[in-house]
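Shown next: start01.txt, containing compact mmCIF, C-alpha atoms.
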# COMPACT_ATOMS: atom_id res chain seq x y z
CA MET A 1 9.06 -2.99 22.81
CA SER A 2 10.67 -6.40 22.51
CA THR A 3 14.19 -5.13 22.00
CA ALA A 4 17.08 -6.46 24.00
CA PRO A 5 17.60 -4.64 27.26
CA VAL A 6 20.51 -2.23 27.19
CA LYS A 7 23.08 -4.33 28.92
CA ARG A 8 25.46 -1.63 30.13
CA ARG A 9 24.69 1.52 32.00
CA THR A 10 24.58 4.16 29.24
CA ASP A 11 23.59 7.76 28.81
CA PRO A 12 19.92 7.50 27.63
CA GLU A 13 20.34 10.27 25.06
CA ARG A 14 23.39 8.60 23.61
CA ALA A 15 21.60 5.23 23.57
CA GLN A 16 18.72 6.80 21.64
CA GLN A 17 21.16 8.28 19.17
CA ARG A 18 22.75 4.87 18.68
CA ARG A 19 19.37 3.23 18.16
CA ASN A 20 18.53 5.82 15.49
CA GLN A 21 21.88 5.21 13.85
CA VAL A 22 21.04 1.51 13.60
CA LEU A 23 17.53 2.21 12.27
CA GLU A 24 18.86 4.52 9.55
CA ALA A 25 21.42 1.92 8.52
CA ALA A 26 18.74 -0.79 8.55
CA ALA A 27 16.42 1.28 6.34
CA LEU A 28 19.24 1.68 3.79
CA CYS A 29 20.09 -2.03 3.87
CA PHE A 30 16.43 -3.11 3.57
CA ALA A 31 15.96 -0.74 0.61
CA ARG A 32 19.09 -2.12 -1.05
CA SER A 33 18.83 -5.83 -0.27
CA GLY A 34 15.27 -6.41 0.88
CA PHE A 35 14.27 -7.31 4.41
CA HIS A 36 15.22 -10.96 4.01
CA GLY A 37 18.33 -10.20 1.98
CA ALA A 38 19.81 -7.78 4.54
CA SER A 39 21.78 -9.49 7.31
CA MET A 40 22.54 -8.13 10.76
CA ALA A 41 26.21 -8.16 9.60
CA GLU A 42 25.33 -5.88 6.65
CA ILE A 43 23.37 -3.57 8.96
CA SER A 44 26.20 -3.36 11.48
CA LYS A 45 28.70 -2.60 8.71
CA GLN A 46 26.41 0.13 7.33
CA ALA A 47 25.94 1.59 10.82
CA GLY A 48 29.69 1.54 11.43
CA MET A 49 29.18 -0.49 14.62
CA SER A 50 30.23 -3.99 15.57
CA ALA A 51 27.54 -6.67 15.38
CA GLY A 52 27.95 -7.22 19.12
CA HIS A 53 27.29 -3.55 19.78
CA ILE A 54 24.10 -3.61 17.68
CA TYR A 55 22.77 -6.50 19.75
CA ASN A 56 22.89 -4.16 22.74
CA TYR A 57 20.06 -2.23 21.10
CA PHE A 58 18.21 -4.75 18.90
CA ASP A 59 18.31 -8.47 19.37
CA SER A 60 16.96 -9.32 15.89
CA LYS A 61 15.70 -7.89 12.62
CA ASP A 62 12.18 -8.34 14.02
CA ALA A 63 13.10 -5.97 16.87
CA ILE A 64 14.21 -3.45 14.24
CA ILE A 65 10.84 -3.69 12.47
CA LEU A 66 9.02 -3.14 15.76
CA ALA A 67 11.15 -0.04 16.32
CA PHE A 68 10.20 1.25 12.85
CA VAL A 69 6.52 0.69 13.61
CA GLU A 70 6.89 2.55 16.90
CA ARG A 71 8.80 5.44 15.31
CA GLU A 72 6.23 5.90 12.55
CA ALA A 73 3.46 5.75 15.17
CA GLU A 74 5.19 8.49 17.19
CA HIS A 75 5.45 10.69 14.11
CA VAL A 76 1.76 10.21 13.28
CA ALA A 77 0.76 10.87 16.89
CA GLY A 78 2.70 14.16 16.71
CA LEU A 79 0.88 15.18 13.52
CA LEU A 80 -2.47 14.37 15.10
CA ARG A 81 -1.63 16.30 18.28
CA ASP A 82 -0.69 19.28 16.13
CA LEU A 83 -4.02 19.07 14.26
CA ASP A 84 -5.85 18.70 17.55
CA SER A 85 -4.26 21.92 18.86
CA ARG A 86 -5.86 23.94 16.06
CA ASP A 87 -9.25 25.64 16.47
CA ASP A 88 -10.83 23.92 13.50
CA PRO A 89 -9.13 20.53 13.16
CA LEU A 90 -11.00 19.55 9.98
CA GLU A 91 -10.07 22.76 8.16
CA ALA A 92 -6.51 22.20 9.42
CA MET A 93 -6.49 18.70 7.86
CA LEU A 94 -7.53 20.14 4.50
CA GLU A 95 -4.92 22.90 4.76
CA ASP A 96 -2.13 20.50 5.66
CA ALA A 97 -3.10 17.94 2.99
CA PRO A 98 -0.25 18.89 0.59
CA MET A 99 2.34 18.28 3.31
CA HIS A 100 0.73 15.03 4.49
CA VAL A 101 0.41 13.71 0.94
CA ALA A 102 4.03 14.60 0.10
CA GLU A 103 5.28 12.97 3.30
CA SER A 104 3.49 9.71 2.51
CA LEU A 105 4.51 9.68 -1.18
CA ASP A 106 8.21 10.09 -0.55
CA PRO A 107 10.38 7.86 1.58
CA GLN A 108 10.85 9.46 4.99
CA PRO A 109 13.24 8.58 7.77
CA TRP A 110 10.31 7.67 10.01
CA HIS A 111 8.57 5.50 7.39
CA MET A 112 8.08 1.84 7.82
CA PRO A 113 9.64 0.39 4.65
CA LEU A 114 6.82 -1.00 2.50
CA GLU A 115 7.92 -4.60 2.43
CA MET A 116 7.72 -4.85 6.19
CA TYR A 117 3.97 -5.06 5.76
CA SER A 118 4.50 -8.37 4.00
CA GLU A 119 6.51 -9.40 7.02
CA ALA A 120 3.49 -8.60 9.19
CA SER A 121 1.40 -11.05 7.18
CA ARG A 122 3.86 -13.80 8.19
CA ASN A 123 4.70 -12.72 11.71
CA PRO A 124 2.01 -12.47 14.40
CA VAL A 125 4.20 -10.36 16.74
CA ILE A 126 4.56 -7.67 14.07
CA ALA A 127 0.87 -7.96 13.11
CA ALA A 128 -0.13 -7.45 16.77
CA LYS A 129 2.16 -4.42 17.05
CA LEU A 130 0.73 -2.87 13.86
CA LYS A 131 -2.77 -3.38 15.18
CA GLU A 132 -1.91 -1.90 18.57
CA VAL A 133 -0.39 1.31 17.17
CA ASP A 134 -3.17 1.58 14.60
CA GLU A 135 -5.82 1.41 17.32
CA ARG A 136 -4.03 4.17 19.22
CA ALA A 137 -3.78 6.43 16.13
CA HIS A 138 -7.33 5.65 15.09
CA SER A 139 -8.85 6.72 18.39
CA GLN A 140 -6.75 9.90 18.41
CA LEU A 141 -7.96 10.67 14.86
CA ARG A 142 -11.55 9.79 15.72
CA GLU A 143 -11.61 12.17 18.69
CA LEU A 144 -10.34 15.13 16.67
CA VAL A 145 -12.70 14.45 13.77
CA ARG A 146 -15.58 14.01 16.21
CA ARG A 147 -14.81 17.42 17.73
CA GLY A 148 -14.61 19.06 14.29
CA ARG A 149 -17.90 17.50 13.21
CA GLU A 150 -19.64 18.40 16.46
CA GLN A 151 -18.62 22.04 15.88
CA ARG A 152 -20.49 21.78 12.58
CA GLN A 153 -23.39 19.75 13.96
CA LEU A 154 -22.65 16.89 11.59
CA PRO A 155 -23.50 13.26 12.50
CA VAL A 156 -20.84 11.59 14.66
CA ASP A 157 -22.11 8.05 15.03
CA ASP A 158 -19.42 5.41 15.51
CA THR A 159 -20.09 3.29 12.43
CA LEU A 160 -20.14 6.27 10.10
CA LEU A 161 -16.92 7.72 11.58
CA ASP A 162 -15.27 4.32 11.55
CA GLY A 163 -15.93 3.79 7.83
CA ARG A 164 -15.01 7.34 6.87
CA LEU A 165 -11.75 7.31 8.82
CA ASN A 166 -10.73 3.87 7.62
CA THR A 167 -11.24 5.20 4.09
CA LEU A 168 -9.07 8.22 4.83
CA VAL A 169 -6.30 6.14 6.37
CA THR A 170 -6.46 3.64 3.49
CA PHE A 171 -5.66 6.50 1.14
CA PHE A 172 -2.51 7.31 3.10
CA HIS A 173 -1.51 3.64 3.09
CA GLY A 174 -1.85 3.66 -0.71
CA LEU A 175 0.33 6.71 -1.36
CA PRO A 176 3.75 5.02 -1.23
CA VAL A 177 2.42 2.26 -3.51
CA ARG A 178 1.06 4.88 -5.91
CA GLY A 179 4.43 6.66 -5.88
CA ILE A 180 6.14 3.42 -6.93
CA HIS A 181 3.75 3.01 -9.89
CA ARG A 182 3.82 6.60 -11.06
CA PRO A 183 6.71 8.66 -9.74
CA ASP A 184 5.89 11.09 -12.58
CA MET A 185 2.28 11.86 -11.65
CA ASN A 186 0.96 15.40 -11.24
CA ARG A 187 1.15 15.79 -7.47
CA GLU A 188 -0.75 19.05 -7.26
CA ALA A 189 -3.65 17.45 -9.11
CA LEU A 190 -3.44 14.48 -6.74
CA VAL A 191 -3.64 16.78 -3.72
CA GLU A 192 -6.71 18.46 -5.23
CA GLY A 193 -8.31 15.05 -5.82
CA PHE A 194 -7.48 14.04 -2.28
CA ARG A 195 -8.95 17.25 -0.86
CA CYS A 196 -12.14 16.60 -2.81
CA ALA A 197 -12.41 13.15 -1.17
CA MET A 198 -11.44 14.52 2.27
CA ARG A 199 -14.11 17.19 2.16
CA ALA A 200 -16.72 14.53 1.48
CA LEU A 201 -15.40 12.23 4.22
CA LEU A 202 -14.94 14.89 6.90
CA LEU A 203 -17.43 17.65 6.13
CA SER A 204 -20.54 15.86 4.80
CA MET B 205 6.94 -10.24 -21.40
CA SER B 206 10.55 -11.06 -20.68
CA THR B 207 9.94 -14.70 -19.87
CA ALA B 208 12.05 -17.45 -21.39
CA PRO B 209 10.75 -18.62 -24.72
CA VAL B 210 9.00 -21.97 -24.55
CA LYS B 211 11.74 -24.18 -25.81
CA ARG B 212 9.70 -27.12 -26.98
CA ARG B 213 6.67 -27.15 -29.17
CA THR B 214 3.81 -27.34 -26.66
CA ASP B 215 0.07 -27.08 -26.65
CA PRO B 216 -0.50 -23.34 -25.85
CA GLU B 217 -3.38 -24.09 -23.47
CA ARG B 218 -1.30 -26.61 -21.57
CA ALA B 219 1.63 -24.14 -21.47
CA GLN B 220 -0.66 -21.49 -19.98
CA GLN B 221 -1.88 -23.99 -17.41
CA ARG B 222 1.71 -24.79 -16.46
CA ARG B 223 2.59 -21.10 -16.19
CA ASN B 224 -0.37 -20.57 -13.85
CA GLN B 225 0.71 -23.58 -11.82
CA VAL B 226 4.13 -21.96 -11.35
CA LEU B 227 2.61 -18.57 -10.45
CA GLU B 228 0.35 -20.13 -7.82
CA ALA B 229 3.29 -21.98 -6.32
CA ALA B 230 5.40 -18.82 -6.40
CA ALA B 231 2.69 -16.80 -4.63
CA LEU B 232 2.57 -19.42 -1.85
CA CYS B 233 6.38 -19.48 -1.53
CA PHE B 234 6.67 -15.68 -1.51
CA ALA B 235 3.96 -15.45 1.17
CA ARG B 236 5.75 -18.07 3.26
CA SER B 237 9.40 -17.12 2.77
CA GLY B 238 9.38 -13.62 1.31
CA PHE B 239 10.41 -12.77 -2.22
CA HIS B 240 14.13 -12.90 -1.41
CA GLY B 241 13.80 -15.91 0.85
CA ALA B 242 12.01 -18.08 -1.72
CA SER B 243 14.36 -19.88 -4.12
CA MET B 244 13.53 -21.21 -7.57
CA ALA B 245 14.16 -24.66 -6.04
CA GLU B 246 11.46 -24.03 -3.40
CA ILE B 247 9.06 -22.80 -6.08
CA SER B 248 9.68 -25.81 -8.31
CA LYS B 249 9.15 -28.18 -5.37
CA GLN B 250 5.89 -26.38 -4.46
CA ALA B 251 4.73 -26.52 -8.09
CA GLY B 252 5.59 -30.23 -8.31
CA MET B 253 7.79 -29.60 -11.34
CA SER B 254 11.52 -29.96 -11.88
CA ALA B 255 13.58 -26.75 -11.76
CA GLY B 256 14.58 -27.37 -15.37
CA HIS B 257 10.95 -27.55 -16.39
CA ILE B 258 10.15 -24.25 -14.63
CA TYR B 259 12.91 -22.52 -16.57
CA ASN B 260 10.97 -23.38 -19.75
CA TYR B 261 8.38 -20.89 -18.57
CA PHE B 262 10.22 -18.37 -16.38
CA ASP B 263 13.93 -17.75 -16.50
CA SER B 264 14.13 -15.96 -13.14
CA LYS B 265 12.14 -14.74 -10.15
CA ASP B 266 12.01 -11.33 -11.86
CA ALA B 267 10.20 -12.95 -14.80
CA ILE B 268 7.69 -14.36 -12.30
CA ILE B 269 7.06 -10.86 -10.87
CA LEU B 270 6.50 -9.48 -14.37
CA ALA B 271 3.96 -12.23 -14.97
CA PHE B 272 2.15 -11.29 -11.73
CA VAL B 273 2.05 -7.66 -12.85
CA GLU B 274 0.66 -8.68 -16.22
CA ARG B 275 -1.93 -11.01 -14.70
CA GLU B 276 -3.19 -8.37 -12.28
CA ALA B 277 -3.32 -5.87 -15.16
CA GLU B 278 -5.44 -8.29 -17.20
CA HIS B 279 -7.85 -8.74 -14.32
CA VAL B 280 -8.21 -4.97 -13.84
CA ALA B 281 -8.67 -4.44 -17.60
CA GLY B 282 -11.49 -6.99 -17.49
CA LEU B 283 -13.20 -5.17 -14.60
CA LEU B 284 -12.90 -1.86 -16.45
CA ARG B 285 -14.28 -3.38 -19.68
CA ASP B 286 -17.21 -4.71 -17.71
CA LEU B 287 -17.87 -1.26 -16.19
CA ASP B 288 -17.52 0.33 -19.62
CA SER B 289 -20.19 -1.99 -21.04
CA ARG B 290 -22.79 -0.62 -18.59
CA ASP B 291 -25.07 2.27 -19.52
CA ASP B 292 -24.02 4.43 -16.59
CA PRO B 293 -20.40 3.52 -15.77
CA LEU B 294 -20.16 5.82 -12.72
CA GLU B 295 -23.29 4.40 -11.13
CA ALA B 296 -21.91 0.94 -11.94
CA MET B 297 -18.66 1.77 -10.07
CA LEU B 298 -20.64 2.78 -6.99
CA GLU B 299 -22.79 -0.35 -7.24
CA ASP B 300 -19.81 -2.66 -7.60
CA ALA B 301 -17.77 -0.96 -4.84
CA PRO B 302 -18.40 -3.72 -2.24
CA MET B 303 -17.01 -6.35 -4.63
CA HIS B 304 -14.03 -4.21 -5.66
CA VAL B 305 -13.17 -3.33 -2.06
CA ALA B 306 -13.42 -6.95 -0.94
CA GLU B 307 -11.24 -8.11 -3.84
CA SER B 308 -8.50 -5.63 -2.95
CA LEU B 309 -8.67 -6.31 0.80
CA ASP B 310 -8.28 -10.05 0.54
CA PRO B 311 -5.43 -11.90 -1.12
CA GLN B 312 -6.54 -12.98 -4.59
CA PRO B 313 -4.93 -15.38 -7.02
CA TRP B 314 -4.37 -12.51 -9.48
CA HIS B 315 -2.88 -10.14 -6.87
CA MET B 316 0.66 -8.94 -7.05
CA PRO B 317 2.04 -9.87 -3.61
CA LEU B 318 2.59 -6.65 -1.65
CA GLU B 319 6.31 -6.99 -1.16
CA MET B 320 6.91 -7.06 -4.88
CA TYR B 321 6.34 -3.32 -4.84
CA SER B 322 9.49 -2.99 -2.76
CA GLU B 323 11.22 -5.01 -5.45
CA ALA B 324 10.06 -2.41 -8.00
CA SER B 325 11.82 0.32 -6.03
CA ARG B 326 15.10 -1.59 -6.52
CA ASN B 327 14.58 -2.95 -10.03
CA PRO B 328 14.08 -0.61 -13.00
CA VAL B 329 12.69 -3.38 -15.25
CA ILE B 330 9.87 -4.06 -12.79
CA ALA B 331 9.33 -0.32 -12.23
CA ALA B 332 9.01 0.22 -16.01
CA LYS B 333 6.54 -2.66 -16.29
CA LEU B 334 4.41 -1.31 -13.41
CA LYS B 335 4.34 2.11 -15.05
CA GLU B 336 3.43 0.65 -18.44
CA VAL B 337 0.46 -1.38 -17.17
CA ASP B 338 -0.61 1.50 -14.94
CA GLU B 339 -0.69 3.89 -17.90
CA ARG B 340 -2.83 1.40 -19.82
CA ALA B 341 -5.31 0.97 -16.95
CA HIS B 342 -5.36 4.68 -16.22
CA SER B 343 -6.36 5.66 -19.75
CA GLN B 344 -9.02 2.94 -19.81
CA LEU B 345 -10.39 4.27 -16.50
CA ARG B 346 -10.17 7.88 -17.66
CA GLU B 347 -12.19 7.17 -20.79
CA LEU B 348 -15.00 5.50 -18.91
CA VAL B 349 -15.13 8.19 -16.24
CA ARG B 350 -15.02 10.88 -18.92
CA ARG B 351 -18.02 9.29 -20.65
CA GLY B 352 -19.95 9.05 -17.37
CA ARG B 353 -19.20 12.68 -16.51
CA GLU B 354 -20.07 13.91 -20.00
CA GLN B 355 -23.47 12.20 -19.63
CA ARG B 356 -23.94 14.37 -16.54
CA GLN B 357 -22.38 17.51 -18.04
CA LEU B 358 -19.70 17.58 -15.36
CA PRO B 359 -16.22 19.08 -16.03
CA VAL B 360 -13.84 16.64 -17.75
CA ASP B 361 -10.60 18.56 -17.95
CA ASP B 362 -7.46 16.45 -17.91
CA THR B 363 -5.85 17.81 -14.73
CA LEU B 364 -9.02 17.45 -12.69
CA LEU B 365 -9.63 13.90 -13.95
CA ASP B 366 -6.00 12.99 -13.44
CA GLY B 367 -6.01 14.06 -9.78
CA ARG B 368 -9.39 12.52 -9.04
CA LEU B 369 -8.51 9.19 -10.63
CA ASN B 370 -5.08 9.01 -9.02
CA THR B 371 -6.85 9.54 -5.70
CA LEU B 372 -9.30 6.73 -6.46
CA VAL B 373 -6.55 4.32 -7.52
CA THR B 374 -4.45 5.24 -4.46
CA PHE B 375 -7.32 4.08 -2.30
CA PHE B 376 -7.29 0.67 -3.97
CA HIS B 377 -3.51 0.44 -3.53
CA GLY B 378 -4.00 1.11 0.18
CA LEU B 379 -6.61 -1.58 0.79
CA PRO B 380 -4.28 -4.59 1.16
CA VAL B 381 -2.09 -2.52 3.52
CA ARG B 382 -5.18 -1.54 5.54
CA GLY B 383 -6.22 -5.20 5.69
CA ILE B 384 -2.84 -6.09 7.21
CA HIS B 385 -3.23 -3.43 9.91
CA ARG B 386 -6.83 -4.12 10.77
CA PRO B 387 -8.13 -7.47 9.59
CA ASP B 388 -10.97 -6.96 12.10
CA MET B 389 -12.34 -3.67 10.75
CA ASN B 390 -16.01 -3.16 9.89
CA ARG B 391 -15.94 -3.75 6.16
CA GLU B 392 -19.47 -2.59 5.46
CA ALA B 393 -18.70 0.74 7.13
CA LEU B 394 -15.49 0.95 5.06
CA VAL B 395 -17.47 0.40 1.84
CA GLU B 396 -19.86 3.18 2.87
CA GLY B 397 -16.91 5.49 3.56
CA PHE B 398 -15.39 4.58 0.23
CA ARG B 399 -18.67 5.21 -1.59
CA CYS B 400 -18.86 8.64 0.05
CA ALA B 401 -15.38 9.48 -1.31
CA MET B 402 -16.16 7.95 -4.72
CA ARG B 403 -19.32 10.02 -5.13
CA ALA B 404 -17.30 13.17 -4.52
CA LEU B 405 -14.50 12.11 -6.88
CA LEU B 406 -16.71 10.89 -9.71
CA LEU B 407 -19.98 12.80 -9.45
CA SER B 408 -19.01 16.31 -8.31
Starting from the file, lay out its structure as C-alpha cells.
Amino acid sequence: MSTAPVKRRTDPERAQQRRNQVLEAAALCFARSGFHGASMAEISKQAGMSAGHIYNYFDSKDAIILAFVEREAEHVAGLLRDLDSRDDPLEAMLEDAPMHVAESLDPQPWHMPLEMYSEASRNPVIAAKLKEVDERAHSQLRELVRRGREQRQLPVDDTLLDGRLNTLVTFFHGLPVRGIHRPDMNREALVEGFRCAMRALLLS
Amino acid sequence: MSTAPVKRRTDPERAQQRRNQVLEAAALCFARSGFHGASMAEISKQAGMSAGHIYNYFDSKDAIILAFVEREAEHVAGLLRDLDSRDDPLEAMLEDAPMHVAESLDPQPWHMPLEMYSEASRNPVIAAKLKEVDERAHSQLRELVRRGREQRQLPVDDTLLDGRLNTLVTFFHGLPVRGIHRPDMNREALVEGFRCAMRALLLS
C-alpha cells in the first residue's frame, strides 16, 4: 500500500490500532463533510491525534482511501474463506444471504464510503487498486462457486461463471445505493427476492 | 422543484435549454472536481454563463442535484412507459436488457453522478426527493410487472413483488459501481447473467 512508511520504530500492534483509529475518524469526517470537504486537519482533530502524527501512518487522503479499499477487501476475503470452508458453499451462500444483504445495506466500519467510488473515476491509482482487489475477490468467489457447481454437475464454463458472478457482485454494489433511496423498504422481502435471483445464478 | 424562480419573462423552451446547459456543465465539473470541490463559479465558467445568470435557474448546488434527480426520473419513467406499451412487458424487459445494462454502466447525460448519493446521506431534502421519485418509479414498475405476471397467472402478491422488484432495481443501482471496479469486464456475459436473474425474478 502506498502509505507513508512508519518513521519510528513502533509496536506493530499499536501501529495497527492507530491506523484503525485514523480510518474510523476519516470515515466520520467523510460522512459529515464529504471526501473533498474533509481536511487532514479535521481528520486529525476527530482522531484526537496531531496532524504530524497522522502523517506517520497516512501521507494523504488518497492513502486513506487505499486503506479503506484494502480493509473492505480483507473483510470480503474472510467471508469468502468462511463460505469455502463449508461442505456446500452454494447452499451456504443462500443461507447467509440475510447477513450479507444487511451488511451491505447498512454502513459498516469496513465499508468503503460510497463517494470514494467517484474518486476512483478521477484517480487512476485508486482505480487500479479497486481493480486489483476485485480481481482477487472474483477469483476466490469463482473457485468456490465452481466447486459448488461441480458437486451438482452444473456447467462451469468461464464465460457463464463470469457473467453470473459479475451479476451477483453488482447486486451487492447496489445495496448501499438502494438503502439511500429507500431506508424504509421491506428488508425480509428484499432478501427473498435476492435469494430467488441467487438460486438462478448459482444453481441453474 | 426547489429551483429559483425564473426572474425574467423568458421563452420556456430557451429557459429549458439554458437549464440543460447548466446541468451539463455541472456534471463535467462534478466529475472533474467532485461535488464539494466544484464551485458555482467553476460551473458558470464551464457553462459559458455569468454566475448571476446561473442563479436565475438554480439557486444552489443542491438545486442542481435535485434537477439531476428529476431528469434521471423522467428518463426512467419514459423507459417504463415504453415497456408498458408493449404487449408482453416482461418479455420486453428481457429483450431490452442489453440496452438498459449498457445505459446504467456508462455515464449518461441523464445520470445522477454517483457521488451525489453520498450527498443524499447528509442532506434530508435530497434524501426526500430521491425517495419521492423512487416511489413513483417503483409503482410504475410494479404495475407493469403485475400485468405481465397476471397474463401468465403467476403470483402477484405485494410482498413478493416488492422484494423481487427491489432486487431488480438494486442491480441497476450497482451497475455504475461495477463499471468503476471493472471497466474491462465481459459485458455480453454480464447481460446473460443479468437475464438469468431477471427471468427468475419476473417469470417464476
Subject >> Ala73 of chain A surroundings by only C-alpha atoms, 8 Å radius, close-in-sequence under 2 positions cut, as an NGL selection string >> reply: :A and (69-71 or 75-77 or 133-134 or 137)
Original post:
What residues in chain A lie within 8 Å of chain B, counting only C-alpha atoms, written as a PyMOL selection string?
Top reply: chain A and resi 31-32+34+36-37+114-122+127+130-131+134+159-160+162-167+169-175+177-178+180-182+186-194+196-198+200-201
Original post:
What gap, in Å, lies between atom CA of Gly252 of chain B and atom CA of Asn224 of chain B?
Top reply: 12.6 Å
Subject >> Separation of atom CA of Ala47 of chain A from atom CA of Arg14 of chain A in Å >> reply: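 These atoms are spaced 14.8 Å apart.
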Distance cut-off 10 Å, centre (-13.7, -2.8, -14.0) in file coordinates, counting only C-alpha atoms: which residues qualify? Return them as a PDB file with C-alpha atoms, in the frame of the given file.
ATOM      1  CA  HIS B 279      -7.850  -8.740 -14.320  1.00  0.00           C
ATOM      2  CA  VAL B 280      -8.210  -4.970 -13.840  1.00  0.00           C
ATOM      3  CA  ALA B 281      -8.670  -4.440 -17.600  1.00  0.00           C
ATOM      4  CA  GLY B 282     -11.490  -6.990 -17.490  1.00  0.00           C
ATOM      5  CA  LEU B 283     -13.200  -5.170 -14.600  1.00  0.00           C
ATOM      6  CA  LEU B 284     -12.900  -1.860 -16.450  1.00  0.00           C
ATOM      7  CA  ARG B 285     -14.280  -3.380 -19.680  1.00  0.00           C
ATOM      8  CA  ASP B 286     -17.210  -4.710 -17.710  1.00  0.00           C
ATOM      9  CA  LEU B 287     -17.870  -1.260 -16.190  1.00  0.00           C
ATOM     10  CA  ASP B 288     -17.520   0.330 -19.620  1.00  0.00           C
ATOM     11  CA  SER B 289     -20.190  -1.990 -21.040  1.00  0.00           C
ATOM     12  CA  PRO B 293     -20.400   3.520 -15.770  1.00  0.00           C
ATOM     13  CA  ALA B 296     -21.910   0.940 -11.940  1.00  0.00           C
ATOM     14  CA  MET B 297     -18.660   1.770 -10.070  1.00  0.00           C
ATOM     15  CA  ASP B 300     -19.810  -2.660  -7.600  1.00  0.00           C
ATOM     16  CA  HIS B 304     -14.030  -4.210  -5.660  1.00  0.00           C
ATOM     17  CA  ALA B 341      -5.310   0.970 -16.950  1.00  0.00           C
ATOM     18  CA  GLN B 344      -9.020   2.940 -19.810  1.00  0.00           C
ATOM     19  CA  LEU B 345     -10.390   4.270 -16.500  1.00  0.00           C
ATOM     20  CA  LEU B 348     -15.000   5.500 -18.910  1.00  0.00           C
TER      21      LEU B 348
END
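Computed from the coordinates, the atom CA of Asp11 of chain A to atom CA of Tyr55 of chain A distance equals 16.9 Å.
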**OP:** Rank B:Ile258, B:Ala301, B:Val226, B:Leu407 by their smallest atom-to-atom distance to Gln357 of chain B, using only C-alpha atoms, and report the top residue only.
**Re:**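 Looking only at the distances to Gln357 of chain B, the closest residue turns out to be B:Leu407.
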Original post:
Restricting the calculation to all atoms listed in the file, which member of B:Gln250, B:Met303, B:Leu294, B:Ala229 is positioned closest to Glu347 of chain B?
Top reply: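 Of B:Gln250, B:Met303, B:Leu294, B:Ala229, the one nearest Glu347 of chain B is B:Leu294, counting all atoms listed in the file.
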